[in-house]
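Structure data follow from entry.txt (compact mmCIF, C-alpha atoms and all ligand atoms):
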# COMPACT_ATOMS: atom_id res chain seq x y z
CA MET A 4 -74.35 -65.40 8.27
CA THR A 5 -71.18 -66.74 6.62
CA THR A 6 -69.18 -64.62 4.19
CA PRO A 7 -68.90 -66.26 0.74
CA SER A 8 -65.36 -67.51 0.05
CA PRO A 9 -63.62 -65.77 -2.84
CA ALA A 10 -63.93 -67.37 -6.29
CA LEU A 11 -61.00 -69.62 -7.14
CA PRO A 12 -58.51 -67.65 -9.24
CA THR A 13 -58.56 -70.47 -11.81
CA GLN A 14 -62.27 -69.69 -12.38
CA GLU A 15 -61.41 -66.13 -13.41
CA PRO A 16 -60.81 -65.97 -17.18
CA ALA A 17 -57.45 -64.16 -16.86
CA PHE A 18 -56.09 -66.84 -14.50
CA ARG A 19 -57.55 -69.96 -16.14
CA HIS A 20 -54.17 -70.74 -17.73
CA ALA A 21 -52.02 -69.31 -14.98
CA THR A 22 -48.64 -70.96 -14.31
CA PRO A 23 -47.87 -72.10 -10.74
CA LEU A 24 -44.70 -70.38 -9.55
CA SER A 25 -43.64 -73.32 -7.43
CA GLY A 26 -42.61 -76.97 -7.46
CA PRO A 27 -39.23 -78.63 -8.02
CA GLY A 28 -39.55 -78.38 -11.82
CA PHE A 29 -39.92 -74.63 -11.53
CA GLN A 30 -36.79 -74.29 -9.41
CA GLN A 31 -34.50 -76.49 -11.47
CA THR A 32 -35.47 -75.11 -14.87
CA SER A 33 -36.95 -71.69 -14.16
CA ALA A 34 -35.23 -70.04 -17.16
CA ASP A 35 -36.92 -72.52 -19.55
CA LEU A 36 -40.24 -71.91 -17.81
CA TYR A 37 -39.93 -68.13 -18.22
CA ALA A 38 -39.19 -68.58 -21.95
CA GLU A 39 -42.25 -70.84 -22.29
CA MET A 40 -44.45 -68.35 -20.41
CA ARG A 41 -43.22 -65.54 -22.64
CA ARG A 42 -44.16 -67.58 -25.72
CA ALA A 43 -47.60 -68.42 -24.32
CA HIS A 44 -48.55 -65.11 -22.69
CA GLY A 45 -46.20 -62.36 -23.90
CA PRO A 46 -44.37 -60.00 -21.53
CA VAL A 47 -46.91 -60.19 -18.66
CA ALA A 48 -48.11 -63.63 -17.53
CA PRO A 49 -50.73 -64.77 -15.00
CA VAL A 50 -49.17 -66.89 -12.24
CA LEU A 51 -50.30 -68.64 -9.07
CA LEU A 52 -48.30 -68.27 -5.88
CA ASP A 53 -48.44 -70.72 -2.95
CA GLY A 54 -52.05 -71.61 -2.13
CA ASP A 55 -53.17 -70.62 -5.66
CA VAL A 56 -52.93 -66.91 -4.88
CA PRO A 57 -53.06 -65.04 -8.23
CA ALA A 58 -50.51 -62.46 -9.42
CA TRP A 59 -48.97 -61.13 -12.64
CA LEU A 60 -45.37 -61.95 -13.46
CA VAL A 61 -43.79 -59.14 -15.49
CA LEU A 62 -41.34 -60.96 -17.79
CA GLY A 63 -40.38 -58.23 -20.27
CA TYR A 64 -37.35 -56.01 -19.59
CA ARG A 65 -39.11 -52.90 -20.92
CA GLU A 66 -42.30 -53.74 -19.01
CA VAL A 67 -40.39 -54.18 -15.72
CA GLN A 68 -38.64 -50.88 -16.36
CA TYR A 69 -41.98 -49.17 -17.07
CA VAL A 70 -43.65 -50.61 -13.94
CA VAL A 71 -40.87 -49.56 -11.55
CA SER A 72 -40.61 -46.12 -13.18
CA SER A 73 -44.36 -45.37 -12.87
CA PRO A 74 -45.15 -45.10 -9.14
CA GLU A 75 -48.36 -43.19 -9.90
CA VAL A 76 -49.69 -46.33 -11.65
CA PHE A 77 -47.91 -49.11 -9.72
CA GLY A 78 -47.67 -48.43 -5.98
CA ARG A 79 -45.36 -50.08 -3.47
CA ASP A 80 -47.71 -50.21 -0.46
CA SER A 81 -48.99 -53.79 -0.22
CA ARG A 82 -52.14 -52.64 1.61
CA ARG A 83 -53.33 -51.79 -1.92
CA TRP A 84 -53.55 -55.51 -2.75
CA ASN A 85 -57.00 -56.81 -3.73
CA ALA A 86 -56.30 -60.45 -2.81
CA TRP A 87 -55.74 -60.24 0.95
CA ASP A 88 -58.90 -62.33 1.47
CA ARG A 89 -57.14 -65.30 -0.17
CA VAL A 90 -54.08 -65.18 2.08
CA PRO A 91 -53.96 -67.43 5.18
CA PRO A 92 -52.19 -66.16 8.33
CA ASP A 93 -49.36 -68.70 7.86
CA TRP A 94 -48.81 -67.92 4.16
CA PRO A 95 -45.08 -68.45 3.45
CA LEU A 96 -44.73 -65.26 1.41
CA LEU A 97 -46.31 -63.08 4.09
CA PRO A 98 -42.97 -61.88 5.56
CA LEU A 99 -42.09 -60.37 2.17
CA ILE A 100 -45.47 -59.06 1.05
CA GLY A 101 -47.23 -58.20 4.33
CA HIS A 102 -47.07 -54.47 4.97
CA GLN A 103 -44.45 -53.26 7.45
CA PRO A 104 -43.78 -49.65 8.41
CA THR A 105 -40.40 -49.62 6.59
CA MET A 106 -39.17 -47.33 3.85
CA MET A 107 -39.60 -50.24 1.42
CA PHE A 108 -43.41 -50.03 1.63
CA ALA A 109 -43.50 -46.22 1.83
CA GLU A 110 -44.56 -44.19 -1.18
CA GLY A 111 -44.03 -40.65 -2.54
CA ALA A 112 -42.57 -37.96 -0.30
CA GLU A 113 -42.42 -40.30 2.72
CA HIS A 114 -40.33 -42.81 0.75
CA ARG A 115 -38.04 -40.07 -0.61
CA ARG A 116 -37.41 -38.72 2.88
CA ARG A 117 -36.35 -42.09 4.25
CA ALA A 118 -34.58 -43.34 1.11
CA GLU A 119 -32.42 -40.19 0.86
CA ALA A 120 -31.33 -40.56 4.49
CA LEU A 121 -30.50 -44.23 3.98
CA ASP A 122 -28.66 -43.57 0.70
CA GLU A 123 -26.46 -41.01 2.41
CA ALA A 124 -25.86 -43.16 5.49
CA LEU A 125 -24.92 -46.18 3.36
CA GLY A 126 -22.93 -44.04 0.92
CA ALA A 127 -20.59 -42.95 3.74
CA VAL A 128 -19.64 -46.54 4.66
CA ASP A 129 -15.85 -46.96 4.56
CA GLN A 130 -15.38 -49.58 1.85
CA PHE A 131 -11.92 -50.52 3.05
CA GLU A 132 -13.13 -51.26 6.58
CA LEU A 133 -16.15 -53.09 5.21
CA GLY A 134 -13.94 -55.32 3.05
CA ALA A 135 -11.60 -55.97 5.98
CA ARG A 136 -14.52 -56.95 8.20
CA ALA A 137 -15.92 -59.26 5.48
CA GLN A 138 -12.50 -60.92 5.17
CA GLN A 139 -12.36 -61.41 8.94
CA VAL A 140 -15.82 -63.04 9.01
CA ALA A 141 -14.91 -65.23 6.01
CA ASP A 142 -11.68 -66.33 7.68
CA GLN A 143 -13.49 -67.30 10.88
CA LEU A 144 -16.01 -69.38 8.95
CA ILE A 145 -13.23 -71.19 7.07
CA ASP A 146 -11.31 -71.81 10.33
CA ALA A 147 -14.30 -73.85 11.52
CA PHE A 148 -14.06 -76.39 8.67
CA ALA A 149 -10.51 -75.95 7.31
CA GLY A 150 -9.19 -79.04 9.09
CA SER A 151 -11.87 -81.41 7.84
CA GLY A 152 -11.07 -81.36 4.10
CA GLU A 153 -14.73 -80.96 3.17
CA ALA A 154 -17.54 -78.45 3.61
CA ASP A 155 -20.89 -77.30 2.35
CA LEU A 156 -20.08 -73.85 1.01
CA ILE A 157 -23.72 -72.74 1.34
CA THR A 158 -24.66 -73.51 4.94
CA GLN A 159 -21.13 -73.38 6.34
CA TYR A 160 -19.90 -70.39 4.35
CA ALA A 161 -22.02 -68.21 2.00
CA ASP A 162 -25.01 -68.05 4.39
CA GLY A 163 -22.76 -66.95 7.23
CA VAL A 164 -20.89 -64.01 5.67
CA PRO A 165 -23.24 -61.04 5.04
CA LEU A 166 -25.18 -60.60 8.27
CA PRO A 167 -22.28 -60.18 10.75
CA VAL A 168 -20.75 -57.65 8.33
CA VAL A 169 -23.99 -55.68 7.95
CA ALA A 170 -24.59 -55.80 11.74
CA ARG A 171 -21.19 -54.21 12.45
CA MET A 172 -21.74 -51.68 9.66
CA ILE A 173 -24.95 -50.43 11.27
CA GLY A 174 -23.21 -50.13 14.65
CA VAL A 175 -24.03 -53.33 16.60
CA PRO A 176 -21.19 -53.69 19.15
CA GLU A 177 -18.79 -56.60 18.57
CA ALA A 178 -19.84 -58.27 21.85
CA GLU A 179 -23.52 -58.34 20.81
CA THR A 180 -23.13 -59.30 17.15
CA ALA A 181 -23.08 -63.09 17.58
CA ASP A 182 -26.32 -63.14 19.66
CA LEU A 183 -28.11 -60.81 17.30
CA VAL A 184 -27.04 -62.79 14.25
CA ARG A 185 -28.22 -66.04 15.85
CA ASP A 186 -31.63 -64.51 16.56
CA VAL A 187 -31.97 -63.18 13.02
CA TYR A 188 -31.18 -66.64 11.61
CA GLN A 189 -33.79 -68.14 13.90
CA THR A 190 -36.32 -65.60 12.60
CA HIS A 191 -35.49 -66.59 9.01
CA ALA A 192 -35.83 -70.29 9.80
CA ALA A 193 -39.48 -69.51 10.72
CA GLY A 194 -39.80 -72.53 13.04
CA GLU A 195 -40.47 -72.77 16.77
CA GLY A 196 -39.26 -69.72 18.68
CA ALA A 197 -39.04 -67.53 15.56
CA ASN A 198 -41.48 -64.94 16.91
CA GLU A 199 -39.63 -64.65 20.20
CA ALA A 200 -36.33 -64.36 18.32
CA TYR A 201 -37.78 -61.57 16.17
CA ALA A 202 -39.00 -59.71 19.29
CA ARG A 203 -35.47 -59.93 20.74
CA VAL A 204 -33.88 -58.65 17.51
CA ARG A 205 -36.34 -55.77 17.37
CA GLU A 206 -35.69 -54.78 20.97
CA LYS A 207 -31.90 -55.01 20.61
CA VAL A 208 -31.92 -52.84 17.50
CA ARG A 209 -34.28 -50.31 19.10
CA ARG A 210 -32.03 -50.08 22.17
CA MET A 211 -28.97 -49.66 19.99
CA VAL A 212 -30.62 -46.78 18.11
CA GLU A 213 -31.56 -45.13 21.43
CA SER A 214 -28.00 -45.49 22.73
CA LYS A 215 -26.47 -43.90 19.61
CA LYS A 216 -28.36 -40.70 20.34
CA ASP A 217 -25.97 -40.06 23.25
CA THR A 218 -22.90 -41.88 21.96
CA PRO A 219 -22.76 -41.65 18.18
CA GLY A 220 -20.13 -43.61 16.31
CA PRO A 221 -18.85 -44.02 12.72
CA ASP A 222 -21.83 -46.18 11.73
CA VAL A 223 -25.01 -46.17 9.63
CA THR A 224 -27.32 -45.76 12.67
CA SER A 225 -25.54 -42.64 13.95
CA ARG A 226 -25.62 -41.11 10.48
CA LEU A 227 -29.36 -41.81 10.18
CA LEU A 228 -29.97 -40.14 13.56
CA ALA A 229 -27.96 -37.08 12.52
CA HIS A 230 -29.65 -36.75 9.12
CA PRO A 231 -31.73 -33.58 8.50
CA ALA A 232 -34.72 -35.82 7.66
CA ALA A 233 -35.19 -35.98 11.47
CA LEU A 234 -36.14 -39.66 11.49
CA ALA A 235 -37.79 -41.01 14.64
CA VAL A 236 -36.18 -43.87 16.59
CA GLU A 237 -39.04 -46.17 15.51
CA GLU A 238 -38.55 -45.33 11.83
CA ILE A 239 -34.81 -45.96 12.03
CA THR A 240 -35.39 -49.22 13.90
CA GLU A 241 -37.78 -50.46 11.19
CA ASP A 242 -35.42 -49.48 8.38
CA LEU A 243 -32.44 -51.15 10.08
CA LEU A 244 -34.42 -54.37 10.61
CA HIS A 245 -35.30 -54.29 6.94
CA LEU A 246 -31.69 -53.54 5.99
CA MET A 247 -30.43 -56.63 7.80
CA ASN A 248 -32.92 -58.83 5.93
CA ALA A 249 -32.39 -57.09 2.60
CA GLY A 250 -28.62 -57.42 2.99
CA GLN A 251 -28.47 -61.05 4.10
CA LEU A 252 -30.31 -63.37 1.73
CA PRO A 253 -29.53 -61.91 -1.71
CA THR A 254 -25.87 -61.35 -0.86
CA ALA A 255 -25.50 -64.89 0.52
CA TYR A 256 -27.12 -66.28 -2.65
CA TRP A 257 -24.89 -64.10 -4.81
CA ILE A 258 -21.81 -65.57 -3.10
CA GLY A 259 -23.15 -69.14 -3.37
CA ASN A 260 -24.24 -68.85 -7.00
CA THR A 261 -20.88 -67.34 -7.94
CA LEU A 262 -18.94 -70.10 -6.17
CA ARG A 263 -21.04 -72.63 -8.06
CA LEU A 264 -20.22 -70.95 -11.38
CA MET A 265 -16.51 -70.86 -10.59
CA LEU A 266 -16.48 -74.50 -9.50
CA THR A 267 -18.46 -75.85 -12.44
CA ASP A 268 -17.39 -73.77 -15.45
CA ASP A 269 -13.92 -74.15 -16.96
CA ARG A 270 -13.84 -70.47 -17.93
CA PHE A 271 -13.74 -69.65 -14.22
CA ALA A 272 -11.51 -72.50 -13.10
CA MET A 273 -10.78 -71.99 -9.42
CA THR A 274 -7.05 -72.30 -9.44
CA LEU A 275 -4.41 -70.06 -7.95
CA SER A 276 -3.33 -68.91 -11.42
CA GLY A 277 -6.72 -68.35 -13.03
CA GLY A 278 -9.37 -68.05 -10.35
CA ARG A 279 -8.60 -64.75 -8.76
CA ARG A 280 -8.56 -62.79 -11.98
CA SER A 281 -12.09 -63.84 -12.78
CA VAL A 282 -13.99 -63.09 -9.57
CA GLY A 283 -15.47 -59.80 -10.82
CA GLN A 284 -16.54 -61.39 -14.10
CA ALA A 285 -18.08 -64.35 -12.32
CA LEU A 286 -20.06 -62.09 -9.98
CA ASN A 287 -21.27 -60.08 -12.95
CA GLU A 288 -22.23 -63.14 -14.97
CA VAL A 289 -24.26 -64.52 -12.06
CA LEU A 290 -26.32 -61.32 -11.94
CA TRP A 291 -27.27 -61.99 -15.57
CA GLU A 292 -27.72 -65.75 -15.43
CA ASP A 293 -28.73 -66.73 -11.88
CA THR A 294 -29.66 -63.52 -10.15
CA PRO A 295 -30.38 -64.05 -6.43
CA THR A 296 -33.66 -62.10 -6.42
CA GLN A 297 -35.19 -63.81 -9.44
CA ASN A 298 -38.72 -62.51 -8.78
CA PHE A 299 -39.53 -59.58 -6.54
CA PRO A 300 -42.99 -58.79 -5.13
CA GLY A 301 -43.58 -56.17 -6.24
CA ARG A 302 -45.98 -53.43 -7.14
CA PHE A 303 -49.77 -52.99 -6.76
CA ALA A 304 -51.90 -51.38 -9.48
CA VAL A 305 -53.21 -48.01 -8.30
CA HIS A 306 -56.02 -48.16 -10.88
CA ASP A 307 -57.15 -50.36 -13.77
CA VAL A 308 -54.50 -50.28 -16.48
CA ARG A 309 -53.32 -52.22 -19.54
CA LEU A 310 -49.80 -53.63 -19.49
CA GLY A 311 -48.16 -55.88 -22.07
CA GLY A 312 -51.54 -56.55 -23.67
CA ARG A 313 -53.13 -57.54 -20.33
CA GLN A 314 -55.94 -55.94 -18.42
CA ILE A 315 -54.61 -55.32 -14.90
CA ARG A 316 -57.22 -54.47 -12.27
CA LYS A 317 -56.85 -51.96 -9.47
CA GLY A 318 -55.09 -53.66 -6.54
CA ASP A 319 -53.58 -56.53 -8.60
CA LEU A 320 -50.12 -57.70 -7.51
CA LEU A 321 -47.33 -57.45 -10.08
CA ILE A 322 -44.21 -59.47 -9.44
CA LEU A 323 -41.06 -58.05 -11.01
CA GLY A 324 -39.62 -60.92 -13.07
CA LEU A 325 -36.02 -59.75 -12.76
CA ALA A 326 -34.46 -63.03 -13.97
CA ALA A 327 -36.87 -63.24 -16.90
CA ALA A 328 -36.19 -59.59 -17.81
CA ASN A 329 -32.46 -60.34 -17.85
CA HIS A 330 -33.14 -63.00 -20.50
CA ASP A 331 -35.63 -60.98 -22.55
CA PRO A 332 -34.69 -61.72 -26.20
CA LEU A 333 -35.77 -58.19 -27.16
CA VAL A 334 -32.88 -56.67 -25.23
CA ARG A 335 -30.58 -59.67 -25.34
CA PRO A 336 -30.93 -61.52 -28.63
CA LEU A 337 -27.71 -63.47 -28.11
CA PRO A 338 -27.49 -64.55 -24.45
CA GLN A 339 -23.70 -64.85 -24.40
CA THR A 340 -23.14 -61.27 -25.63
CA SER A 341 -24.48 -59.33 -22.65
CA SER A 342 -22.79 -60.78 -19.64
CA GLY A 343 -19.88 -58.30 -19.70
CA ASN A 344 -22.00 -55.21 -19.07
CA GLN A 345 -24.12 -54.20 -16.10
CA ALA A 346 -27.48 -53.50 -17.70
CA TYR A 347 -29.12 -56.35 -15.80
CA MET A 348 -32.38 -55.79 -13.88
CA SER A 349 -31.06 -57.69 -10.86
CA PHE A 350 -31.14 -54.68 -8.50
CA SER A 351 -34.34 -53.37 -10.15
CA TYR A 352 -34.63 -49.76 -11.27
CA GLY A 353 -36.45 -46.53 -10.35
CA ASP A 354 -37.07 -44.96 -6.93
CA HIS A 355 -37.33 -48.25 -5.02
CA ARG A 356 -34.36 -50.00 -6.70
CA CYS A 357 -31.75 -51.47 -4.41
CA PRO A 358 -29.86 -48.34 -3.25
CA TYR A 359 -26.65 -47.81 -5.27
CA ALA A 360 -24.60 -47.75 -2.07
CA ALA A 361 -26.19 -51.06 -1.00
CA GLN A 362 -25.22 -52.60 -4.35
CA GLU A 363 -21.61 -51.55 -3.75
CA ILE A 364 -21.75 -52.93 -0.20
CA ALA A 365 -23.05 -56.27 -1.50
CA LYS A 366 -20.22 -56.35 -4.04
CA VAL A 367 -17.49 -55.62 -1.49
CA ILE A 368 -18.82 -58.37 0.80
CA ALA A 369 -19.26 -60.94 -1.98
CA GLU A 370 -15.86 -60.23 -3.53
CA ALA A 371 -14.13 -60.52 -0.16
CA ALA A 372 -15.90 -63.83 0.59
CA ILE A 373 -14.79 -65.37 -2.71
CA GLU A 374 -11.23 -64.00 -2.63
CA VAL A 375 -10.66 -65.31 0.90
CA LEU A 376 -11.97 -68.73 -0.05
CA LEU A 377 -9.66 -68.88 -3.07
CA ASP A 378 -6.71 -67.86 -0.92
CA ARG A 379 -7.42 -70.31 1.85
CA LEU A 380 -8.57 -73.33 -0.21
CA PRO A 381 -6.65 -73.05 -3.49
CA ASP A 382 -7.37 -76.65 -4.57
CA VAL A 383 -11.08 -76.66 -3.67
CA VAL A 384 -13.24 -78.79 -6.00
CA LEU A 385 -16.86 -79.85 -6.13
CA ALA A 386 -17.48 -83.05 -4.17
CA VAL A 387 -20.56 -84.13 -6.16
CA PRO A 388 -21.48 -84.14 -9.88
CA ALA A 389 -22.54 -80.62 -10.95
CA ASP A 390 -25.89 -81.84 -12.27
CA THR A 391 -26.93 -83.09 -8.82
CA LEU A 392 -26.85 -79.61 -7.26
CA THR A 393 -30.36 -78.41 -6.41
CA TRP A 394 -31.90 -74.99 -5.89
CA ARG A 395 -33.80 -73.97 -2.77
CA PRO A 396 -37.55 -74.17 -3.28
CA SER A 397 -38.42 -70.47 -3.38
CA PRO A 398 -40.52 -68.68 -6.02
CA LEU A 399 -38.64 -65.47 -5.31
CA PHE A 400 -35.00 -66.22 -4.59
CA ARG A 401 -32.49 -68.29 -6.51
CA GLY A 402 -29.90 -69.93 -4.32
CA LEU A 403 -28.48 -73.42 -3.91
CA SER A 404 -29.57 -75.85 -1.19
CA ALA A 405 -25.98 -77.06 -0.78
CA LEU A 406 -22.58 -76.81 -2.48
CA PRO A 407 -20.48 -79.73 -1.17
CA VAL A 408 -16.74 -79.35 -1.80
CA LYS A 409 -13.50 -81.03 -0.83
CA PHE A 410 -9.97 -79.67 -0.53
CA SER A 411 -6.63 -80.63 0.89
CA LEU A 412 -4.47 -77.54 1.26
CA ALA A 413 -6.22 -75.58 3.99
CA TRP A 414 -4.18 -73.39 6.31
C1 LIG A 501 -26.78 -59.36 -4.42
C2 LIG A 501 -27.25 -58.59 -3.47
C3 LIG A 501 -28.55 -57.83 -3.57
C4 LIG A 501 -29.54 -57.91 -4.52
C5 LIG A 501 -29.61 -58.80 -5.75
C6 LIG A 501 -30.56 -56.94 -4.13
C7 LIG A 501 -31.73 -56.72 -4.83
C8 LIG A 501 -32.73 -55.85 -4.43
C9 LIG A 501 -34.01 -55.72 -5.09
C10 LIG A 501 -34.45 -56.50 -6.32
C11 LIG A 501 -34.72 -54.78 -4.43
C12 LIG A 501 -36.15 -54.34 -4.71
C13 LIG A 501 -36.20 -53.21 -5.69
C14 LIG A 501 -37.60 -52.76 -6.05
O1 LIG A 501 -38.58 -52.88 -5.29
O2 LIG A 501 -37.73 -52.21 -7.16
C15 LIG A 501 -33.88 -54.32 -3.33
C16 LIG A 501 -34.25 -53.35 -2.44
C17 LIG A 501 -33.49 -52.96 -1.39
N1 LIG A 501 -32.23 -53.42 -1.06
FE1 LIG A 501 -31.13 -54.76 -2.08
N2 LIG A 501 -30.15 -56.31 -2.99
C18 LIG A 501 -28.94 -56.83 -2.60
C19 LIG A 501 -28.18 -56.48 -1.51
C20 LIG A 501 -28.53 -55.51 -0.63
C21 LIG A 501 -27.74 -55.10 0.52
C22 LIG A 501 -26.36 -55.70 0.90
C23 LIG A 501 -28.44 -54.12 1.15
C24 LIG A 501 -28.06 -53.33 2.37
C25 LIG A 501 -26.86 -53.12 2.80
C26 LIG A 501 -29.67 -53.90 0.41
C27 LIG A 501 -30.63 -52.96 0.75
C28 LIG A 501 -31.82 -52.78 0.07
C29 LIG A 501 -32.84 -51.82 0.48
C30 LIG A 501 -32.79 -50.87 1.66
C31 LIG A 501 -33.89 -51.93 -0.44
C32 LIG A 501 -35.22 -51.15 -0.45
C33 LIG A 501 -35.12 -49.96 -1.37
C34 LIG A 501 -36.42 -49.17 -1.47
O3 LIG A 501 -37.51 -49.74 -1.38
O4 LIG A 501 -36.33 -47.95 -1.65
N3 LIG A 501 -29.69 -54.75 -0.65
N4 LIG A 501 -32.67 -54.99 -3.36
The structure given in the file should be rewritten as structure tokens.
Amino acid sequence: MTTPSPALPTQEPAFRHATPLSGPGFQQTSADLYAEMRRAHGPVAPVLLDGDVPAWLVLGYREVQYVVSSPEVFGRDSRRWNAWDRVPPDWPLLPLIGHQPTMMFAEGAEHRRRAEALDEALGAVDQFELGARAQQVADQLIDAFAGSGEADLITQYADGVPLPVVARMIGVPEAETADLVRDVYQTHAAGEGANEAYARVREKVRRMVESKKDTPGPDVTSRLLAHPAALAVEEITEDLLHLMNAGQLPTAYWIGNTLRLMLTDDRFAMTLSGGRRSVGQALNEVLWEDTPTQNFPGRFAVHDVRLGGRQIRKGDLLILGLAAANHDPLVRPLPQTSSGNQAYMSFSYGDHRCPYAAQEIAKVIAEAAIEVLLDRLPDVVLAVPADTLTWRPSPLFRGLSALPVKFSLAW
């Protein structure tokens, strides 16, 4: 007997007018699309992910805040999802939504136990050393293209900064960092050999955690091992693997999106006299306008509930529309007025928000990457017209495919 295939989401009344969260049009003009969806559906809109998998996109600032502050109604464990039967084994969003035994998918007391340990371990990171390490990594990346007079600041620069810094911060020895970083990149590329690369990363991190039991150092792993939460080696390994992923992509996109802003907007002209003063403002403005994690999946309804005028069923997936929330006209009637403050939703909110210490770490790394670039390439300019720059095709992240530049005064 064959099992009946699930009804197409577009046949369900709630999803008949759902918006696909994909396609080049979506990427290039996502802010316009969010505004249109808000007009058509209000603060919570039905969307279709890759393969027509249905979900709700929470567009309203207050609604996002309510969802992430109500763990008893909106759980974090993706095993709650009611649409697993629609998801093929090679679904591109599986790495982000598929359940893993990390603190990110943990709920309640179990999440608190692991999150507190991580907060403390990250909070004790020496910011000065972190910044110095980020500068060193940035310098090495620039050395590789400084003599050529041109570069792609995404693939040759922004993508390469965060991971080696995070790897050293967690305690990966200098001699092993390059191999580990290469394997993590191969895992992200998701092509041939990605599974083997992931197995190697996992094993290296597990061995490192084991070794720190006998020889602790001034690093995040040793602090996690020493924490009164008495975390097991497996738990720490999982959380460190997650930390490397969580730290890499959004921080790289933050650097890339900020460089784009500084290269294309006269207010942030990248010159020796003006550029350096504006780095902090540019980073802040990007979190409002082009936040790296534009949509984050998410939360799963614990029971039937109404939200933003919508009937949400038990097990439905809610995607946090962080970019849309940042542009919600209810909290930001005049777009240009808000970019000086830090009330953006970009790091989310509530118990599962990006840990405060992680936000600081991201900022130190991003600031160092941009400062070093300004120092080393003071006359850097865009090598293509600004309107030809394209965004990577992801429904969740917002980052450029390439940022070609040219320069003459490299040293
Ligand atoms: C621009 C850079 C970054 C952005 C925009 C960002 C954004 C986010 C977002 C949106 C979440 C999900 C929040 C939720 O589910 O409500 C998150 C979670 C998390 N982020 Fe970040 N992040 C950044 C950098 C980092 C870095 C550098 C680290 C580590 C050093 C990090 C570690 C984490 C961790 C551990 C979580 C899971 C928290 C939990 O579930 O309790 N993030 N981040």
* To do: Return as a PyMOL selection string every polymer residue, whether protein, DNA or RNA, with at least one atom no more than 7 Å from an atom of ligand LIG 501 (chain A); count only C-alpha atoms and all ligand atoms.
  => chain A and resi 71+106-108+114+118+169+245-247+249-251+253-254+257+294-296+299+301+349-358+361-362+364-365
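In this comparison, which uses all atoms listed in the file, the residue of A:Ala285, A:Val408, A:Val375, A:Ala304 approaching Leu392 in chain A most closely is A:Val408.
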* Asked: range 39-43 of chain A: which residues within 12 Å, counting all atoms listed in the file, same-chain residues fewer than 3 positions away excluded, as a PyMOL selection string?
  -> chain A and resi 20-24+29+32-36+46-50+59-64+311+324+327-328+330-333
* Asked: Excluding same-chain residues fewer than 3 positions from Leu243 in chain A, what lies within 10 Å of it counting all atoms listed in the file, as a PyMOL selection string?
  -> chain A and resi 105-106+121+169-170+173+205+208-209+212+223-224+227+237-240+246-249
Go ahead and save the residues from that selection, with C-alpha atoms, as a CSV table (one decimal), in the frame of the given file.
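Output file again_13.csv follows:
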chain,number,residue,atom,x,y,z
A,105,THR,CA,-40.4,-49.6,6.6
A,106,MET,CA,-39.2,-47.3,3.8
A,121,LEU,CA,-30.5,-44.2,4.0
A,169,VAL,CA,-24.0,-55.7,8.0
A,170,ALA,CA,-24.6,-55.8,11.7
A,173,ILE,CA,-25.0,-50.4,11.3
A,205,ARG,CA,-36.3,-55.8,17.4
A,208,VAL,CA,-31.9,-52.8,17.5
A,209,ARG,CA,-34.3,-50.3,19.1
A,212,VAL,CA,-30.6,-46.8,18.1
A,223,VAL,CA,-25.0,-46.2,9.6
A,224,THR,CA,-27.3,-45.8,12.7
A,227,LEU,CA,-29.4,-41.8,10.2
A,237,GLU,CA,-39.0,-46.2,15.5
A,238,GLU,CA,-38.6,-45.3,11.8
A,239,ILE,CA,-34.8,-46.0,12.0
A,240,THR,CA,-35.4,-49.2,13.9
A,246,LEU,CA,-31.7,-53.5,6.0
A,247,MET,CA,-30.4,-56.6,7.8
A,248,ASN,CA,-32.9,-58.8,5.9
A,249,ALA,CA,-32.4,-57.1,2.6
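The nearest approach to His191 in chain A among the residues A:Pro388, A:Val204, A:Pro74, A:Phe18, with only C-alpha atoms taken into account, belongs to A:Val204.
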* Can you work out the spacing between CA of Val367 in chain A and CA of Pro219 in chain A in Å, to one decimal? =>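 Those two atoms sit 24.7 Å apart.
Nearest to Asp55 in chain A of all the residues A:Val76, A:Leu321, A:Val90, A:Leu97 is A:Val90, based on only C-alpha atoms.
Atom to atom, CA of Gln103 in chain A and CA of Gly402 in chain A stand 25.1 Å apart.
The space separating CA of Glu123 in chain A from CA of Ala232 in chain A comes to 11.1 Å.
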* With a distance cut-off of 10 Å and only C-alpha atoms, select the neighbouring residues of Tyr188 in chain A, excluding the residue or stretch itself and same-chain residues fewer than 5 positions from it, and output the selection as a list of chain:residue names. =>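 Near neighbours after the sequence-gap exclusion: A:Asp162, A:Gly163, A:Leu166, A:Leu183, A:Ala193, A:Ala197, A:Ala200, A:Tyr201, A:Asn248, A:Gln251.
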* Asked: Out of A:Leu99, A:Ala109, A:Leu380, A:Leu52, which residue has the shortest atom-to-atom distance to Ala86 in chain A when counting all atoms listed in the file?
  -> A:Leu52
